[in-house]
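**Q** After the C-alpha cells below, expect a handful of questions from me.
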Amino acid sequence: MDFTFSEEQQAYRRQVLAFARKEIVPRCREHDLRGEFDRQAFRRLGEFGLLGLHLPEEYGGAGADVVTTVMAGEALGEAGVDGGLCLAYGAHTFLCADTLLRHGSEELKRCLLPGLASGELVGCMGLTEPGAGSDVAALRTRAERRGDEFVLNGSKIFITNGPLADVAVVYAKTDPAAGHAGISAFVVERGTPGFSAGPPLHKLGVRTSQTSELFFDDCRVPAGNLLGTEGAGFLMAMQTVEWDRSALVAPFIGSVSYALERGARYARERVQFGRPIAEFEAVRAKLAELTLFIEAARGLVYRIAWCKDQGRPLNHLEAAVAKLFVGDWSLGPANAALTLFGGYGYCHEYDVERVFRDGRLAAIGGGTSEIQKMIISKLM
Amino acid sequence: MDYELKPEETALAARVEALLGANPDLTAGAARAWLARLGECGYLAAGPGADVARLLAGKALAARAPWLVFAAELQRLAAELVAEHGALAQREALLPALRAGTRVAALAFSEPGRPLEAGPACRAEPAGEGYALSGQKGPVSLAACCDWLAVLAATPRGPAVLFVERAAPGVEPGAPLESFGYAELEGRPVSLREVRVPAGQVLGPLPAAALPGLIAALRRAEDRLATAAALGLLARCLEEARAAASAPREGGKPAASHQLVRFELAEMLTQLQTAELLALRAAAAAAAGSPEAERLGLCAKVFASEAACRVSDQALGILAGAGYLRSHPVARALAEARLGCLAGHSSHAARLALADDVLARLAPV
C-alpha cells in the first residue's frame, strides 16, 4: 500500500492553494454575506484549469487523473474557498460536464464542453423533484418523444446552479411504467422555450451557490440532446455517485483543514486569563478533533478516487461509507472549530461560522446520511 | 498512491489465520505455546518496514484473542530493546529465543503509583560481576508464565533494562490483579528483593538521556498494539452483531428487520473501515519512515481505540442479554476496548500531542 501523492500531484496542490488564496479567497466573505454567486471567481477557476481539470484536452480540459482532481477540490476548501463556490464548481464539473462527456454525442461535446471547461458556460444537473428526493424512481417529470424532439414537462427542486445554468442535464421519465429503467437524461440549454428557473432559494449555508427550482412546460429539445439511450438515465445518475463521494465531498474536508489552520493561529493569538488559549487543554483538544477527522476522512475519499483511476467499478458500499463518514463526522469538528473562537466564531469575520454552515450540507446533499446507511446495511 | 494490499503485506495475517484455525485453545494456559507459534510463523521477527503486515496480522489475532496481540507485541518490544541496546554477545544470546518465542519475556517497566516519566524507583546496585535488583513492579503481564522479566531499573550510572530469570531467588510475583478485561494477561505485582542479575543480562547502564527514548519506545509499541487490537475488536463485534441481527427469533422477525438496527450496523461498519484505512495509512507511513508517521500513528490509535469502545457498545445493544454474559466475546470486547484508550498514549495524552503538532506546524511561535 502507498498512500502518498506523487511529487507532481503535490506540486499541483501547492499551485491550487496559492492561486485560490490569492485570487479567490479574498472575494469569498463578501459574496457569502450577500448570498451572491461570484461569477468572476468562477471564471477564474475555469481560466486556471480547475473546471475542466479531468476533461480530455480535446474538449478544453487538462486530462488530469481522478486523484489529482479530488486533491484540487480539497485544496480549494483548505485554501478557504467557501462551500458555495466549491459546490457550484462540483455540480458544474462533475454532475453536468462529466455526464455530458460520458454520454453525450460528439456534436454535443464539441459544442458545450469547451465552454463548460472555461467557465464561459455554467452547468447544472436536474434530478431531484419535490416528490422525488432520495427515491429517484418516483420522478414525475415526463419526456415524451414527438418526432425528432422530446417534450419535457415537470419541475425540479434544489438544483445547484439552477438560476445560472446555461446547460442543464435533466433526468425525466420516458417510460413511467418502467421504474428506474424508464428514466432518461437530456441536455437542455438556457433559452429553450418552456425551460425556466425559479428564484434562488435561501439556504443555511453554501450561500454563494445559487439553488433553485427548474420548470419544464412543454419544453422541446432535439432528440440529439438525449444522453446515451432511452432508459439509461438512472445508471447515468448512479455514475455521478463516484464524483459525489469523492470530488464533491473533498472540499468539505479541505474546509475543516482551513478551520484548523485558522483555529491554531487564533489559539496562539487569543489571550485569556493572562495566557494564550492554546495553553488550555480544552482548546487543544478541539484542534485534535479536527485533525482526527481530516486524517480519517482522507483515507476514505481518496480510496474512491484511486479506484476510479484504476478503472474499477464503483464499490457502492465503500462510497456510501465515505459519504456517511464525511457527512456525519464533520459536524463535531465543525462545531468544535466554531466554539474555539467563542463569540467571534459566531460572527463572520473568522469564517468558521461559514465552514460550520456550509459543512452541514455534507450530510444532506448527494444522498442523506440515512440513505447512506440504507445502502451500507443492504450491501454489507 | 496504491490502495491495493500486496501479497507480502497479507501473507503474515494469512499464516496467523491458519494458526488460529488449527489451534482453538486461546486460554491463558496456552500463552507460551502461542508465542512459540507466533515466533515460528514470523510474527515476532517481522522487522522494520513490515508495519502493514504486522498490523493486519495483529488484527487477525485480536479478532479472536486480543490479549495475544499484547503478549506478542510486548515480546517484540523486549526483542527490539535487546537489538537496539544490547552488546553483540547479548544479542546473540537473547534475540534468537525472543524472536522465536521459545523464551518469553515479560516487560516490567511500570511501578505502582509512579508514572514512567518519573523514572524507575526500582534500583539495581553493582554486586560482584553483576547487579542486585530491588523494588516493586507492576502490573506485569504474563509475569507468572514468562522466562524473563525485562525490568527497567535505575543503576548508579543511569537507567538499565535487566533480563531477570523469573525463577531467580528474590523474584516474587504476587496474585493476579482482578482487571476489568484482558484477564488472560494475568497482570500482577512483582516484588524484587536483592535479585542477582549477571552483567551479561543487563542492557546498560544507559545514559540518563536514554530514559525518555525507552519510554517512548514502550508508548509506541503500546500504541501499535492497541491499534491492532482495536481493529480486531471492531471486526469481531461487527461479526457478532451481524450474526445476531440476522438470526431468526422465536415468534418474531430478526432484529435486522428493524431499520434502527440496520443503521447501527452501518455505523459500525463505517467506523471499522475508517479505522482500518487510517491504521493502514499510519502503518505504511511508519514503514516508509515518513515524517507524518508519528501524527498518523496517534490519529489511528485514538480513532481505532475509541471506535472499538463505541462499536462494542453498539454490538451489545444489538445482542441484548446474550451479549451481557461475561464470557460472550462482545461483553469481553467492551472491557478490552477500554484498555486501548488507556494503553500507550491515552486518548487524552494523544489529543494533546496531536494539538502540539498542529500548533507547531500551522501556528509556530
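Each chain in the C-alpha cells gets a letter, A, B, ..., in the order shown, and its residues are numbered from 1; ligands are numbered from 1 in order too.
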Counting only C-alpha atoms, which residues from chain A have an atom at most 8 Å from any atom of chain B, and could you show them as a PyMOL selection string?
**A** chain A and resi 1-6+261+264-265+268+281+284-285+287-289+291-292+295-297+299-300+303+306+321-322+324-325+370+373-374+376-377+380
**Q** Residues of region 57-93 of chain B that have any atom at most 12 Å from an atom of region 168-183 of chain B: could you tabulate them with the shortest-distance atom pair and the distance in Å to one decimal, using only C-alpha atoms, ordered by chain and increasing number, as JSON lines?
**A**
```
{"residue": "B:Ala62", "atom": "CA", "partner": "B:Tyr182", "partner_atom": "CA", "distance": 11.5}
{"residue": "B:Ala65", "atom": "CA", "partner": "B:Tyr182", "partner_atom": "CA", "distance": 9.3}
{"residue": "B:Pro66", "atom": "CA", "partner": "B:Tyr182", "partner_atom": "CA", "distance": 7.8}
{"residue": "B:Trp67", "atom": "CA", "partner": "B:Tyr182", "partner_atom": "CA", "distance": 5.8}
{"residue": "B:Leu68", "atom": "CA", "partner": "B:Tyr182", "partner_atom": "CA", "distance": 9.5}
{"residue": "B:Val69", "atom": "CA", "partner": "B:Tyr182", "partner_atom": "CA", "distance": 10.8}
{"residue": "B:Phe70", "atom": "CA", "partner": "B:Tyr182", "partner_atom": "CA", "distance": 9.3}
{"residue": "B:Ala71", "atom": "CA", "partner": "B:Tyr182", "partner_atom": "CA", "distance": 10.6}
```
**Q** Taking C-alpha atoms for each residue, export the selection above as an mmCIF file, in the first residue's frame.
**A**
```cif
data_model
loop_
_atom_site.group_PDB
_atom_site.id
_atom_site.type_symbol
_atom_site.label_atom_id
_atom_site.label_comp_id
_atom_site.auth_asym_id
_atom_site.auth_seq_id
_atom_site.Cartn_x
_atom_site.Cartn_y
_atom_site.Cartn_z
ATOM 1 C CA ALA B 62 -7.140 -9.715 18.024
ATOM 2 C CA ALA B 65 -7.790 -13.274 21.191
ATOM 3 C CA PRO B 66 -6.864 -9.617 21.740
ATOM 4 C CA TRP B 67 -4.686 -10.499 24.703
ATOM 5 C CA LEU B 68 -2.355 -12.398 22.382
ATOM 6 C CA VAL B 69 -1.596 -9.202 20.488
ATOM 7 C CA PHE B 70 -0.495 -7.619 23.742
ATOM 8 C CA ALA B 71 1.626 -10.621 24.633
#
```
**Q** Residues of region 129-299 of chain A classed as strand (DSSP E or B) by DSSP on the backbone are to be reported as number ranges by chain.
**A** A: 129, 132, 142-146, 149-160, 167-173, 183-189, 195-197, 211-222, 226-227, 271-272, 275-276
**Q** Leaving out Ser255 (chain A) and any residue of its chain fewer than 4 positions from it, which residues lie within 7 Å of it when counting only C-alpha atoms, given as a list in words?
**A**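 My list of contacting residues is Gly77, Glu78, Gly80, Pro251, Ala259 and Val355 of chain A.
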**Q** Nearest to Glu239 (chain B) among B:Pro207, B:Ala89, B:Val140, B:Ala315, with distances taken over only C-alpha atoms: which residue is it?
**A** B:Ala315
**Q** Where in region 59-216 of chain B does DSSP assign alpha helix (DSSP H), given as a ChimeraX atom specification?
**A** /B:59-64,66-85,88-100,210-216
**Q** Please provide as a PDB file with C-alpha atoms, in the first residue's frame all residues within 6 Å of Leu53 (chain A), with the sequence filter that same-chain residues fewer than 6 positions apart are discarded (counting only C-alpha atoms).
**A**
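Output below, filename part.pdb:
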```pdb
ATOM      1  CA  GLY A  61      -9.724  20.126 -20.255  1.00  0.00           C
ATOM      2  CA  ALA A  62      -6.390  19.129 -18.754  1.00  0.00           C
ATOM      3  CA  ALA A  64      -5.956  15.005 -15.063  1.00  0.00           C
TER       4      ALA A  64
END
```
**Q** Determine, counting only C-alpha atoms, which protein, DNA and RNA residues have an atom within 9 Å of an atom of Arg262 (chain A); residues of the same chain fewer than 4 positions away are not included. Present the result as a VMD selection string.
**A** (chain A and resid 257 to 258 266 to 267 337 350 to 352) or (chain B and resid 362 to 363)
**Q** Just the selected residues (C-alpha atoms), exported as a short mmCIF file (atom, residue, chain, number, x, y, z; two decimals), in the first residue's frame, please.
**A**
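Wrote it out as selection_9.cif, contents follow:
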```
data_model
loop_
_atom_site.label_atom_id
_atom_site.label_comp_id
_atom_site.auth_asym_id
_atom_site.auth_seq_id
_atom_site.Cartn_x
_atom_site.Cartn_y
_atom_site.Cartn_z
CA SER A 257 -8.33 21.97 7.36
CA TYR A 258 -8.93 25.66 6.78
CA TYR A 266 -6.32 32.14 16.82
CA ALA A 267 -5.44 29.90 19.74
CA ALA A 337 -13.89 24.92 15.41
CA TYR A 350 -13.11 34.44 11.08
CA ASP A 351 -15.02 32.37 8.50
CA VAL A 352 -15.56 29.42 10.84
CA LEU B 362 0.35 25.69 11.46
CA ALA B 363 0.99 28.39 14.03
#
```
**Q** Do a neighbour search on Asp82 (chain A) at 12 Å with only C-alpha atoms, toss out local chain neighbours closer than 2 positions, and write the hits as a ChimeraX atom specification.
**A** /A:20-21,24-33,35-38,41-42,73-80,84-89,205-209,251-252,254-256,258-259,351-359
**Q** Dump N, CA and C atoms for the selected residues as a compact mmCIF listing (two decimals), in the first residue's frame?
**A**
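Here's the written file again-v4.txt:
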```txt
# COMPACT_ATOMS: atom_id res chain seq x y z
N ALA A 20 -5.77 29.95 -5.19
CA ALA A 20 -7.05 30.21 -4.52
C ALA A 20 -6.89 31.25 -3.42
N ARG A 21 -5.79 31.15 -2.68
CA ARG A 21 -5.58 32.12 -1.58
C ARG A 21 -5.43 33.54 -2.13
N ILE A 24 -9.09 33.97 -5.15
CA ILE A 24 -10.48 33.61 -4.89
C ILE A 24 -10.90 33.96 -3.46
N VAL A 25 -10.09 33.52 -2.51
CA VAL A 25 -10.49 33.66 -1.10
C VAL A 25 -10.79 35.11 -0.69
N PRO A 26 -10.00 36.09 -1.14
CA PRO A 26 -10.31 37.46 -0.71
C PRO A 26 -11.71 37.92 -1.12
N ARG A 27 -12.34 37.24 -2.04
CA ARG A 27 -13.65 37.64 -2.52
C ARG A 27 -14.78 36.85 -1.83
N CYS A 28 -14.44 35.81 -1.15
CA CYS A 28 -15.47 34.85 -0.69
C CYS A 28 -16.40 35.44 0.38
N ARG A 29 -15.80 36.11 1.36
CA ARG A 29 -16.62 36.54 2.50
C ARG A 29 -17.74 37.48 2.07
N GLU A 30 -17.39 38.44 1.24
CA GLU A 30 -18.40 39.41 0.81
C GLU A 30 -19.51 38.74 0.03
N HIS A 31 -19.14 37.85 -0.85
CA HIS A 31 -20.17 37.17 -1.64
C HIS A 31 -21.03 36.28 -0.76
N ASP A 32 -20.41 35.66 0.21
CA ASP A 32 -21.19 34.81 1.12
C ASP A 32 -22.19 35.65 1.91
N LEU A 33 -21.73 36.80 2.39
CA LEU A 33 -22.64 37.65 3.17
C LEU A 33 -23.82 38.13 2.33
N GLY A 35 -24.89 36.48 -0.27
CA GLY A 35 -25.57 35.33 -0.87
C GLY A 35 -25.54 35.38 -2.39
N GLU A 36 -24.42 35.86 -2.92
CA GLU A 36 -24.31 36.04 -4.37
C GLU A 36 -23.31 35.06 -4.98
N PHE A 37 -23.65 34.59 -6.13
CA PHE A 37 -22.71 33.78 -6.90
C PHE A 37 -21.59 34.70 -7.41
N ASP A 38 -20.35 34.24 -7.29
CA ASP A 38 -19.21 35.04 -7.74
C ASP A 38 -18.79 34.57 -9.12
N ALA A 41 -15.05 34.87 -9.93
CA ALA A 41 -14.22 33.82 -9.34
C ALA A 41 -14.42 32.51 -10.08
N PHE A 42 -15.65 32.27 -10.47
CA PHE A 42 -15.95 31.03 -11.21
C PHE A 42 -15.17 31.02 -12.52
N GLY A 73 -9.84 19.76 -5.41
CA GLY A 73 -11.05 20.19 -4.69
C GLY A 73 -10.78 20.34 -3.20
N GLU A 74 -10.02 19.41 -2.65
CA GLU A 74 -9.69 19.53 -1.23
C GLU A 74 -8.86 20.79 -0.99
N ALA A 75 -7.95 21.06 -1.92
CA ALA A 75 -7.09 22.25 -1.77
C ALA A 75 -7.91 23.54 -1.81
N LEU A 76 -8.96 23.56 -2.63
CA LEU A 76 -9.82 24.75 -2.66
C LEU A 76 -10.41 25.00 -1.27
N GLY A 77 -10.95 23.95 -0.67
CA GLY A 77 -11.51 24.10 0.66
C GLY A 77 -10.45 24.48 1.68
N GLU A 78 -9.28 23.87 1.56
CA GLU A 78 -8.19 24.14 2.51
C GLU A 78 -7.72 25.59 2.39
N ALA A 79 -7.77 26.11 1.19
CA ALA A 79 -7.34 27.50 0.99
C ALA A 79 -8.31 28.48 1.63
N GLY A 80 -9.57 28.04 1.78
CA GLY A 80 -10.57 28.93 2.37
C GLY A 80 -11.66 29.35 1.39
N GLY A 84 -19.99 27.35 -1.03
CA GLY A 84 -20.91 27.63 -2.12
C GLY A 84 -20.22 27.60 -3.48
N LEU A 85 -19.07 28.24 -3.56
CA LEU A 85 -18.36 28.23 -4.83
C LEU A 85 -17.85 26.82 -5.15
N CYS A 86 -17.41 26.13 -4.11
CA CYS A 86 -16.95 24.75 -4.33
C CYS A 86 -18.10 23.87 -4.82
N LEU A 87 -19.27 24.10 -4.28
CA LEU A 87 -20.42 23.30 -4.70
C LEU A 87 -20.81 23.65 -6.13
N ALA A 88 -20.77 24.94 -6.46
CA ALA A 88 -21.10 25.36 -7.82
C ALA A 88 -20.13 24.70 -8.81
N TYR A 89 -18.85 24.69 -8.44
CA TYR A 89 -17.83 24.04 -9.27
C TYR A 89 -18.10 22.53 -9.38
N GLY A 205 -26.49 27.44 4.42
CA GLY A 205 -25.08 27.60 4.05
C GLY A 205 -24.91 27.52 2.54
N VAL A 206 -23.68 27.31 2.13
CA VAL A 206 -23.30 27.31 0.71
C VAL A 206 -24.09 28.39 -0.04
N ARG A 207 -24.05 29.58 0.53
CA ARG A 207 -24.94 30.64 0.06
C ARG A 207 -24.54 31.23 -1.30
N THR A 208 -23.26 31.08 -1.65
CA THR A 208 -22.88 31.69 -2.93
C THR A 208 -23.23 30.79 -4.10
N SER A 209 -23.60 29.55 -3.82
CA SER A 209 -24.13 28.73 -4.91
C SER A 209 -25.61 29.06 -5.02
N PRO A 251 -13.90 19.13 -0.91
CA PRO A 251 -13.80 20.49 -0.38
C PRO A 251 -14.28 20.62 1.07
N PHE A 252 -15.22 19.77 1.48
CA PHE A 252 -15.67 19.81 2.88
C PHE A 252 -14.50 19.44 3.80
N GLY A 254 -11.37 19.75 3.06
CA GLY A 254 -10.45 20.87 2.98
C GLY A 254 -10.88 22.04 3.86
N SER A 255 -12.19 22.27 3.92
CA SER A 255 -12.66 23.41 4.73
C SER A 255 -12.41 23.16 6.22
N VAL A 256 -12.41 21.91 6.64
CA VAL A 256 -12.07 21.63 8.04
C VAL A 256 -10.58 21.90 8.26
N TYR A 258 -8.98 24.19 6.71
CA TYR A 258 -8.93 25.66 6.78
C TYR A 258 -9.31 26.12 8.18
N ALA A 259 -10.36 25.56 8.73
CA ALA A 259 -10.78 25.92 10.09
C ALA A 259 -9.69 25.56 11.10
N ASP A 351 -14.60 33.36 9.52
CA ASP A 351 -15.02 32.37 8.50
C ASP A 351 -15.45 31.01 9.07
N VAL A 352 -15.24 30.78 10.36
CA VAL A 352 -15.56 29.42 10.84
C VAL A 352 -17.07 29.19 10.93
N GLU A 353 -17.83 30.27 11.12
CA GLU A 353 -19.29 30.06 11.11
C GLU A 353 -19.72 29.66 9.70
N ARG A 354 -19.01 30.14 8.70
CA ARG A 354 -19.33 29.76 7.32
C ARG A 354 -18.97 28.29 7.10
N VAL A 355 -17.83 27.89 7.61
CA VAL A 355 -17.45 26.48 7.50
C VAL A 355 -18.50 25.60 8.18
N PHE A 356 -18.94 26.06 9.34
CA PHE A 356 -19.97 25.33 10.11
C PHE A 356 -21.26 25.21 9.29
N ARG A 357 -21.69 26.34 8.72
CA ARG A 357 -22.95 26.33 7.95
C ARG A 357 -22.80 25.51 6.67
N ASP A 358 -21.72 25.77 5.96
CA ASP A 358 -21.52 25.09 4.68
C ASP A 358 -21.39 23.57 4.87
N GLY A 359 -20.68 23.19 5.91
CA GLY A 359 -20.42 21.77 6.13
C GLY A 359 -21.67 20.98 6.44
```
**Q** Contacts of region 133-135 of chain A at 12 Å or less, counting only C-alpha atoms, minus same-chain residues fewer than 2 places along, as a compact mmCIF listing (two decimals) with N, CA and C atoms, in the first residue's frame?
**A**
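Dumped to part_9.txt:
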```
# COMPACT_ATOMS: atom_id res chain seq x y z
N GLY A 126 -30.29 18.41 -13.13
CA GLY A 126 -31.64 18.41 -12.58
C GLY A 126 -32.14 17.00 -12.36
N LEU A 127 -32.07 16.56 -11.14
CA LEU A 127 -32.56 15.21 -10.81
C LEU A 127 -33.67 15.29 -9.77
N THR A 128 -33.39 15.94 -8.66
CA THR A 128 -34.33 15.94 -7.53
C THR A 128 -35.62 16.68 -7.87
N GLU A 129 -36.71 16.14 -7.38
CA GLU A 129 -38.02 16.78 -7.57
C GLU A 129 -38.71 16.93 -6.22
N PRO A 130 -39.73 17.75 -6.17
CA PRO A 130 -40.43 17.92 -4.88
C PRO A 130 -40.88 16.59 -4.29
N GLY A 131 -41.28 15.66 -5.14
CA GLY A 131 -41.75 14.38 -4.61
C GLY A 131 -40.77 13.24 -4.83
N ALA A 137 -36.78 6.76 -8.37
CA ALA A 137 -37.78 6.12 -9.23
C ALA A 137 -39.12 6.85 -9.19
N ALA A 138 -39.30 7.71 -8.21
CA ALA A 138 -40.57 8.43 -8.09
C ALA A 138 -40.60 9.71 -8.92
N LEU A 139 -39.61 9.90 -9.78
CA LEU A 139 -39.60 11.10 -10.63
C LEU A 139 -40.94 11.24 -11.37
N ARG A 140 -41.38 12.48 -11.51
CA ARG A 140 -42.64 12.71 -12.24
C ARG A 140 -42.43 13.52 -13.52
N LYS A 156 -38.17 20.56 -11.15
CA LYS A 156 -37.07 20.05 -10.32
C LYS A 156 -36.87 21.01 -9.16
N ILE A 157 -36.25 20.51 -8.12
CA ILE A 157 -36.00 21.39 -6.97
C ILE A 157 -34.60 21.14 -6.40
N PHE A 158 -34.12 22.11 -5.65
CA PHE A 158 -32.77 22.05 -5.03
C PHE A 158 -31.68 21.88 -6.09
N ILE A 159 -31.80 22.60 -7.18
CA ILE A 159 -30.84 22.42 -8.26
C ILE A 159 -29.73 23.46 -8.14
N GLY A 179 -40.26 2.12 -14.09
CA GLY A 179 -39.47 2.39 -12.88
C GLY A 179 -38.13 3.00 -13.22
N HIS A 180 -37.06 2.47 -12.59
CA HIS A 180 -35.72 3.02 -12.85
C HIS A 180 -35.36 2.95 -14.33
N PHE A 234 -31.06 6.38 -15.20
CA PHE A 234 -30.79 6.04 -13.80
C PHE A 234 -29.33 5.61 -13.62
N ALA A 237 -27.13 8.60 -13.65
CA ALA A 237 -27.18 9.31 -12.37
C ALA A 237 -26.34 8.59 -11.33
N MET A 238 -26.39 7.27 -11.37
CA MET A 238 -25.60 6.50 -10.40
C MET A 238 -24.11 6.65 -10.65
N ILE A 364 -26.39 15.94 3.79
CA ILE A 364 -27.70 16.03 3.13
C ILE A 364 -27.58 15.90 1.61
N GLY A 365 -26.74 16.75 1.03
CA GLY A 365 -26.66 16.78 -0.43
C GLY A 365 -26.06 15.50 -1.00
N GLY A 366 -26.52 15.16 -2.19
CA GLY A 366 -25.97 13.97 -2.86
C GLY A 366 -26.32 12.67 -2.18
N GLY A 367 -27.38 12.67 -1.39
CA GLY A 367 -27.78 11.46 -0.66
C GLY A 367 -27.55 11.67 0.82
N THR A 368 -28.63 11.68 1.58
CA THR A 368 -28.52 11.94 3.01
C THR A 368 -27.77 10.82 3.73
N SER A 369 -27.41 11.10 4.96
CA SER A 369 -26.74 10.06 5.76
C SER A 369 -27.65 8.85 5.93
N GLU A 370 -28.93 9.09 6.03
CA GLU A 370 -29.86 7.96 6.19
C GLU A 370 -29.84 7.08 4.94
N ILE A 371 -29.76 7.72 3.78
CA ILE A 371 -29.68 6.93 2.54
C ILE A 371 -28.37 6.12 2.52
N GLN A 372 -27.30 6.74 2.98
CA GLN A 372 -26.02 6.00 3.00
C GLN A 372 -26.13 4.79 3.93
N MET A 374 -28.81 3.16 4.59
CA MET A 374 -29.63 2.16 3.90
C MET A 374 -28.78 1.36 2.91
N ILE A 375 -27.94 2.08 2.17
CA ILE A 375 -27.08 1.40 1.18
C ILE A 375 -26.11 0.46 1.89
```
**Q** Report, in Å to a single decimal, how far apart CA of Gly115 (chain A) and CA of Thr68 (chain A) are.
**A**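 Those two atoms sit 21.8 Å apart.
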**Q** One decimal, in Å: what's the spacing between CA of Ala221 (chain B) and CA of Ala53 (chain B)?
**A**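 A separation of 15.1 Å between them.
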